[in-house]
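Undergrad: I am attaching a structure below and will ask some questions about it afterwards.
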Amino acid sequence: MTVIDTSQPPSEPARKVADFRPSLLLGEHSLCPGCGEPVALRVLLEVLQELDIVQRTIGVVGHGCYGSFVRIMDVDVLQCLHGRAPACATGIKRVRPDCAVFTMQGDGDMANEGLQEVLHAAARGEKITCVLLNNGVFGDTGGQLTAATVLGQRTKTSLEGRDAETHGYPIPVADLVAGLRGAAYVARGAVSTAGAVAQTKRMLRRAFETQLAGAGFSLVEILTMCPTGWFVPASEGPGYLGDSMEQAYPLGELTTWRH
Amino acid sequence: MSEHEGGARRSSRGTLVIAEDRCKGCELCIDACPPRVLVMSSELNEMGYRYPELTPGCTGCTACQMVCPDFVFSVYRLTAATAPGDRRG
């Protein structure tokens, strides 16, 4: 089998169509193999660059594995108390309405710790963009069950799989937010396939456009792989996501605002 | 390996630069590649992971770059299709 030398760029005429990472990503992360969160971060930063709003963007992050991105993203970031990112983002946006303000939160952060914050921010129609990285586990603390864990999913605290009788039913955050009048754009994407990544990027772009137009609250839920927390090999993460999470959380736009 | 090895010589419309030392061996790119021209190496990188290698037939579609969590791929589209293996002098 012929293996092509890929250590150097091609010497013959060629056009670079995709770089390793956007220039806003300064270094490498230390997250697990097969994690979906760095992919979500990459498309988010690409959207900020394409909209040319990097210099007036402020991010607010909750607590989770994605907290380590603070060190490697060239965007102003505030890290706040667990689950309180939408409340902090509200304050920032009201004081600096010219800024684009986004939050990056996991499902444990948004659905367990801070469900009240995100629902109230959405109901008030705060002109912020919330990004929910939903992988169904508290990854940073070792893989416990969250409110968004789907039925049947195994976690460290539901080794036999989530059972509605014992653990209750999962909370679909995007669907809750979509039911509120203050929410102008709500969508759910995934990072399990190249097509899904492209769709998620379009959703993030529309969410920021909604904020910049002053139309109201926007939220993009992104289903991400956590093979470590799901007890599956890294290469089977996307398949597991499609078979379990996508069935419980269908992808697509739930609320759209138009000019 | 010789570029003349094997009967099927697929032409490549694209090519990659693979930062193999960054790879954590998750293999997401292997399944994501539409023409299925990525294979995992038998060698290990500095961190002890196997990494993807490119075989002829790349279309430069960027699917591998889009799904890669470790930013391993940079994608080029060749301006003229060429035979594999003989374009880096």
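Scheme for the structure tokens: letters A, B, ... for chains in order shown; per-chain residue numbers from 1; ligand numbers from 1 in order shown.
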Kindly provide the residues of chain A that approach chain B to within 10 Å, each paired with its closest atom pair and their distance in Å to one decimal, based on only C-alpha atoms, listed by chain and increasing number, as a Markdown table.
TA:
```
| residue | atom | partner | partner_atom | distance |
| --- | --- | --- | --- | --- |
| A:Met1 | CA | B:Gly6 | CA | 6.7 |
| A:Thr2 | CA | B:Thr55 | CA | 5.8 |
| A:Val3 | CA | B:Thr55 | CA | 4.8 |
| A:Ile4 | CA | B:Leu54 | CA | 5.5 |
| A:Asp5 | CA | B:Gly85 | CA | 7.5 |
| A:Thr6 | CA | B:Val17 | CA | 4.6 |
| A:Ser7 | CA | B:Val17 | CA | 5.7 |
| A:Gln8 | CA | B:Val17 | CA | 6.0 |
| A:Pro9 | CA | B:Val17 | CA | 5.9 |
| A:Pro10 | CA | B:Arg88 | CA | 6.0 |
| A:Ser11 | CA | B:Arg88 | CA | 5.4 |
| A:Glu12 | CA | B:Arg87 | CA | 6.5 |
| A:Pro13 | CA | B:Thr79 | CA | 5.8 |
| A:Ala14 | CA | B:Leu78 | CA | 4.2 |
| A:Arg15 | CA | B:Arg77 | CA | 5.2 |
| A:Lys16 | CA | B:Tyr76 | CA | 4.2 |
| A:Val17 | CA | B:Tyr76 | CA | 5.5 |
| A:Ala18 | CA | B:Val75 | CA | 5.0 |
| A:Asp19 | CA | B:Ser74 | CA | 4.6 |
| A:Phe20 | CA | B:Ser74 | CA | 4.7 |
| A:Arg21 | CA | B:Phe71 | CA | 5.8 |
| A:Pro22 | CA | B:Phe71 | CA | 9.5 |
| A:Leu25 | CA | B:Phe71 | CA | 10.0 |
| A:Gly27 | CA | B:Phe71 | CA | 9.9 |
| A:Glu28 | CA | B:Asp70 | CA | 7.4 |
| A:His29 | CA | B:Asp70 | CA | 7.7 |
| A:Ser30 | CA | B:Asp70 | CA | 9.2 |
| A:Leu31 | CA | B:Pro69 | CA | 8.9 |
| A:Cys32 | CA | B:Lys24 | CA | 8.0 |
| A:Pro33 | CA | B:Cys26 | CA | 5.2 |
| A:Gly34 | CA | B:Cys26 | CA | 4.9 |
| A:Cys35 | CA | B:Pro69 | CA | 6.3 |
| A:Gly36 | CA | B:Pro69 | CA | 6.4 |
| A:Glu37 | CA | B:Pro69 | CA | 7.5 |
| A:Pro38 | CA | B:Pro69 | CA | 5.2 |
| A:Val39 | CA | B:Pro69 | CA | 5.3 |
| A:Ala40 | CA | B:Pro69 | CA | 8.8 |
| A:Leu41 | CA | B:Pro69 | CA | 9.5 |
| A:Arg42 | CA | B:Pro69 | CA | 8.8 |
| A:Val43 | CA | B:Met66 | CA | 8.7 |
| A:Val191 | CA | B:Val67 | CA | 7.0 |
| A:Ser192 | CA | B:Val67 | CA | 7.2 |
| A:Thr193 | CA | B:Val67 | CA | 6.4 |
| A:Ala194 | CA | B:Ala63 | CA | 5.2 |
| A:Gly195 | CA | B:Ala63 | CA | 8.1 |
| A:Ala196 | CA | B:Val67 | CA | 9.3 |
| A:Val197 | CA | B:Met66 | CA | 6.7 |
| A:Ala198 | CA | B:Met66 | CA | 8.0 |
| A:Pro227 | CA | B:Cys26 | CA | 9.6 |
| A:Pro233 | CA | B:Cys26 | CA | 8.1 |
| A:Ala234 | CA | B:Cys26 | CA | 5.0 |
| A:Ser235 | CA | B:Glu27 | CA | 5.2 |
| A:Glu236 | CA | B:Leu28 | CA | 8.2 |
| A:Gly237 | CA | B:Leu28 | CA | 8.3 |
| A:Pro238 | CA | B:Leu28 | CA | 7.9 |
```
Undergrad: DSSP on the backbone, then: every residue of stretch 83-202 of chain A marked alpha helix (DSSP H), written as a ChimeraX atom specification.
TA: /A:85-95,107,115-123,164-167,173-178,194-202
Undergrad: Go ahead and save the residues from that selection, with N, CA and C atoms, as a compact mmCIF listing (two decimals), in the first residue's frame.
TA:
```txt
# COMPACT_ATOMS: atom_id res chain seq x y z
N ALA A 85 -23.28 31.15 34.29
CA ALA A 85 -22.77 31.88 33.12
C ALA A 85 -23.82 32.79 32.47
N PRO A 86 -25.08 32.34 32.27
CA PRO A 86 -26.04 33.25 31.64
C PRO A 86 -26.32 34.50 32.48
N ALA A 87 -26.24 34.37 33.82
CA ALA A 87 -26.45 35.54 34.69
C ALA A 87 -25.30 36.52 34.54
N CYS A 88 -24.07 36.01 34.53
CA CYS A 88 -22.90 36.88 34.33
C CYS A 88 -22.93 37.52 32.95
N ALA A 89 -23.31 36.72 31.96
CA ALA A 89 -23.37 37.22 30.59
C ALA A 89 -24.41 38.32 30.46
N THR A 90 -25.52 38.17 31.20
CA THR A 90 -26.55 39.21 31.21
C THR A 90 -25.97 40.53 31.68
N GLY A 91 -25.21 40.48 32.78
CA GLY A 91 -24.61 41.69 33.32
C GLY A 91 -23.65 42.33 32.34
N ILE A 92 -22.81 41.51 31.73
CA ILE A 92 -21.82 42.03 30.78
C ILE A 92 -22.52 42.69 29.59
N LYS A 93 -23.54 42.01 29.07
CA LYS A 93 -24.23 42.52 27.88
C LYS A 93 -24.97 43.83 28.19
N ARG A 94 -25.53 43.93 29.39
CA ARG A 94 -26.29 45.15 29.72
C ARG A 94 -25.35 46.34 29.93
N VAL A 95 -24.16 46.07 30.44
CA VAL A 95 -23.20 47.15 30.65
C VAL A 95 -22.48 47.50 29.35
N ASP A 107 -23.62 20.21 29.86
CA ASP A 107 -24.97 19.87 30.29
C ASP A 107 -25.07 19.81 31.80
N LEU A 115 -29.93 25.55 35.62
CA LEU A 115 -31.12 25.55 34.76
C LEU A 115 -31.91 26.84 34.94
N GLN A 116 -31.99 27.31 36.18
CA GLN A 116 -32.74 28.54 36.44
C GLN A 116 -32.14 29.72 35.69
N GLU A 117 -30.81 29.82 35.70
CA GLU A 117 -30.16 30.97 35.07
C GLU A 117 -30.46 31.03 33.57
N VAL A 118 -30.34 29.89 32.91
CA VAL A 118 -30.52 29.92 31.45
C VAL A 118 -31.99 30.14 31.11
N LEU A 119 -32.90 29.56 31.88
CA LEU A 119 -34.32 29.74 31.57
C LEU A 119 -34.75 31.19 31.79
N HIS A 120 -34.27 31.79 32.89
CA HIS A 120 -34.66 33.17 33.15
C HIS A 120 -34.02 34.13 32.14
N ALA A 121 -32.77 33.86 31.77
CA ALA A 121 -32.12 34.71 30.77
C ALA A 121 -32.88 34.63 29.44
N ALA A 122 -33.33 33.41 29.10
CA ALA A 122 -34.09 33.25 27.86
C ALA A 122 -35.44 33.92 27.95
N ALA A 123 -36.11 33.78 29.10
CA ALA A 123 -37.43 34.37 29.27
C ALA A 123 -37.36 35.89 29.22
N ALA A 164 -35.68 5.41 34.29
CA ALA A 164 -36.63 6.48 34.61
C ALA A 164 -37.21 6.33 36.01
N GLU A 165 -37.39 5.07 36.45
CA GLU A 165 -37.98 4.82 37.77
C GLU A 165 -37.06 5.35 38.87
N THR A 166 -35.76 5.13 38.70
CA THR A 166 -34.79 5.51 39.74
C THR A 166 -34.27 6.93 39.55
N HIS A 167 -33.90 7.25 38.30
CA HIS A 167 -33.19 8.51 38.07
C HIS A 167 -34.06 9.60 37.44
N VAL A 173 -32.94 20.65 27.45
CA VAL A 173 -32.79 22.09 27.73
C VAL A 173 -33.22 22.93 26.53
N ALA A 174 -32.77 22.54 25.33
CA ALA A 174 -33.09 23.36 24.15
C ALA A 174 -34.60 23.43 23.94
N ASP A 175 -35.30 22.31 24.21
CA ASP A 175 -36.75 22.32 24.02
C ASP A 175 -37.44 23.22 25.04
N LEU A 176 -36.92 23.21 26.28
CA LEU A 176 -37.48 24.10 27.31
C LEU A 176 -37.31 25.55 26.89
N VAL A 177 -36.08 25.90 26.46
CA VAL A 177 -35.79 27.28 26.09
C VAL A 177 -36.62 27.69 24.88
N ALA A 178 -36.79 26.74 23.94
CA ALA A 178 -37.54 27.06 22.72
C ALA A 178 -38.99 27.42 23.02
N ALA A 194 -18.87 14.99 9.75
CA ALA A 194 -18.47 16.23 9.08
C ALA A 194 -19.69 17.05 8.69
N GLY A 195 -20.75 16.38 8.23
CA GLY A 195 -21.97 17.09 7.86
C GLY A 195 -22.60 17.78 9.05
N ALA A 196 -22.62 17.08 10.19
CA ALA A 196 -23.20 17.66 11.40
C ALA A 196 -22.37 18.84 11.89
N VAL A 197 -21.04 18.76 11.74
CA VAL A 197 -20.18 19.86 12.16
C VAL A 197 -20.49 21.10 11.31
N ALA A 198 -20.65 20.90 10.00
CA ALA A 198 -20.95 22.02 9.11
C ALA A 198 -22.31 22.63 9.46
N GLN A 199 -23.27 21.77 9.78
CA GLN A 199 -24.60 22.27 10.16
C GLN A 199 -24.52 23.05 11.48
N THR A 200 -23.75 22.52 12.42
CA THR A 200 -23.59 23.18 13.72
C THR A 200 -22.97 24.56 13.55
N LYS A 201 -22.00 24.64 12.63
CA LYS A 201 -21.36 25.94 12.39
C LYS A 201 -22.37 26.95 11.85
N ARG A 202 -23.24 26.50 10.94
CA ARG A 202 -24.28 27.41 10.43
C ARG A 202 -25.20 27.87 11.56
```
Undergrad: In Å, rounded to a single decimal, give me how far atom CA of A:Gly125 is from atom CA of A:Leu51.
TA: 22.1 Å
Undergrad: Write out as a list of chain:residue names which residues come within 7 Å of B:Gly57 when counting only C-alpha atoms, dropping same-chain ones fewer than 2 positions away.
TA: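 These residues fall inside the cut-off: B:Arg10, B:Ser11, B:Ser12, B:Pro35, B:Val37, B:Thr55, B:Thr59.
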Undergrad: Restricting it to C-alpha atoms, dump the selection as a PDB file, in the first residue's frame.
TA:
```pdb
ATOM      1  CA  ARG B  10      -5.847   6.157  -7.769  1.00  0.00           C
ATOM      2  CA  SER B  11      -5.288   9.765  -8.605  1.00  0.00           C
ATOM      3  CA  SER B  12      -5.456  12.332  -5.828  1.00  0.00           C
ATOM      4  CA  PRO B  35     -13.113   8.074  -0.112  1.00  0.00           C
ATOM      5  CA  VAL B  37      -8.101   6.790   2.054  1.00  0.00           C
ATOM      6  CA  THR B  55      -3.081   6.649   0.838  1.00  0.00           C
ATOM      7  CA  THR B  59     -10.327  14.526  -2.737  1.00  0.00           C
TER       8      THR B  59
END
```
Undergrad: Of the residues A:Cys130, A:Cys65, A:Leu180, A:Cys226, which is the one nearest to A:Thr155, using only C-alpha atoms?
TA: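 Checking each candidate against A:Thr155, we get A:Cys226 as the closest.
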Undergrad: Can you list, as an MDAnalysis selection string, every residue of stretch 5-200 of chain A that DSSP puts in strand (DSSP E)?
TA: chainID A and resid 14:18 57:61 76:79 100:106 129:134 137:138 144:145 183:190
Undergrad: Could you state the separation of atom CA of A:Val61 and atom CA of A:Arg206 in Å, given to one decimal place?
TA: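 So the answer is 20.3 Å.
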Undergrad: Need to verify the contact set: A:Asp109, 8 Å, only C-alpha atoms, exclusion of same-chain residues closer than 4 positions in sequence. Can you return it as a ChimeraX atom specification?
TA: /A:62-64,82-83,105,113-114
Undergrad: Counting only C-alpha atoms, figure out which residue out of A:Glu253, A:Asp74, A:Glu246, A:Asp163 gets nearest to A:Met203.
TA: A:Glu253
Undergrad: Excluding A:Glu50 and its own-chain neighbours fewer than 4 positions away, which residues fall within 9 Å of it when counting only C-alpha atoms? Please give them as a compact mmCIF listing (two decimals) with C-alpha atoms, in the first residue's frame.
TA:
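To be explicit, this is the file written out as out.txt:
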```
# COMPACT_ATOMS: atom_id res chain seq x y z
CA LEU A 45 -14.02 30.45 16.93
CA GLU A 46 -14.32 30.16 13.15
CA ARG A 205 -23.50 31.74 12.93
```
Undergrad: Do you have the atom CA of A:Val186-atom CA of A:Ile72 distance handy?
TA: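 Calculated distance between atom CA of A:Val186 and atom CA of A:Ile72 is 27.5 Å.
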Undergrad: Near A:Gly229, counting only C-alpha atoms, which residues have an atom at most 9 Å away, once you skip same-chain residues fewer than 2 positions from it, shown as a list in words?
TA: Asn135, Gly136, Val137, Phe138, Gly139, Gly142, Gly143, Gln144, Arg154, Thr155, Lys156, Met225, Cys226, Pro227, Phe231 and Val232 of chain A
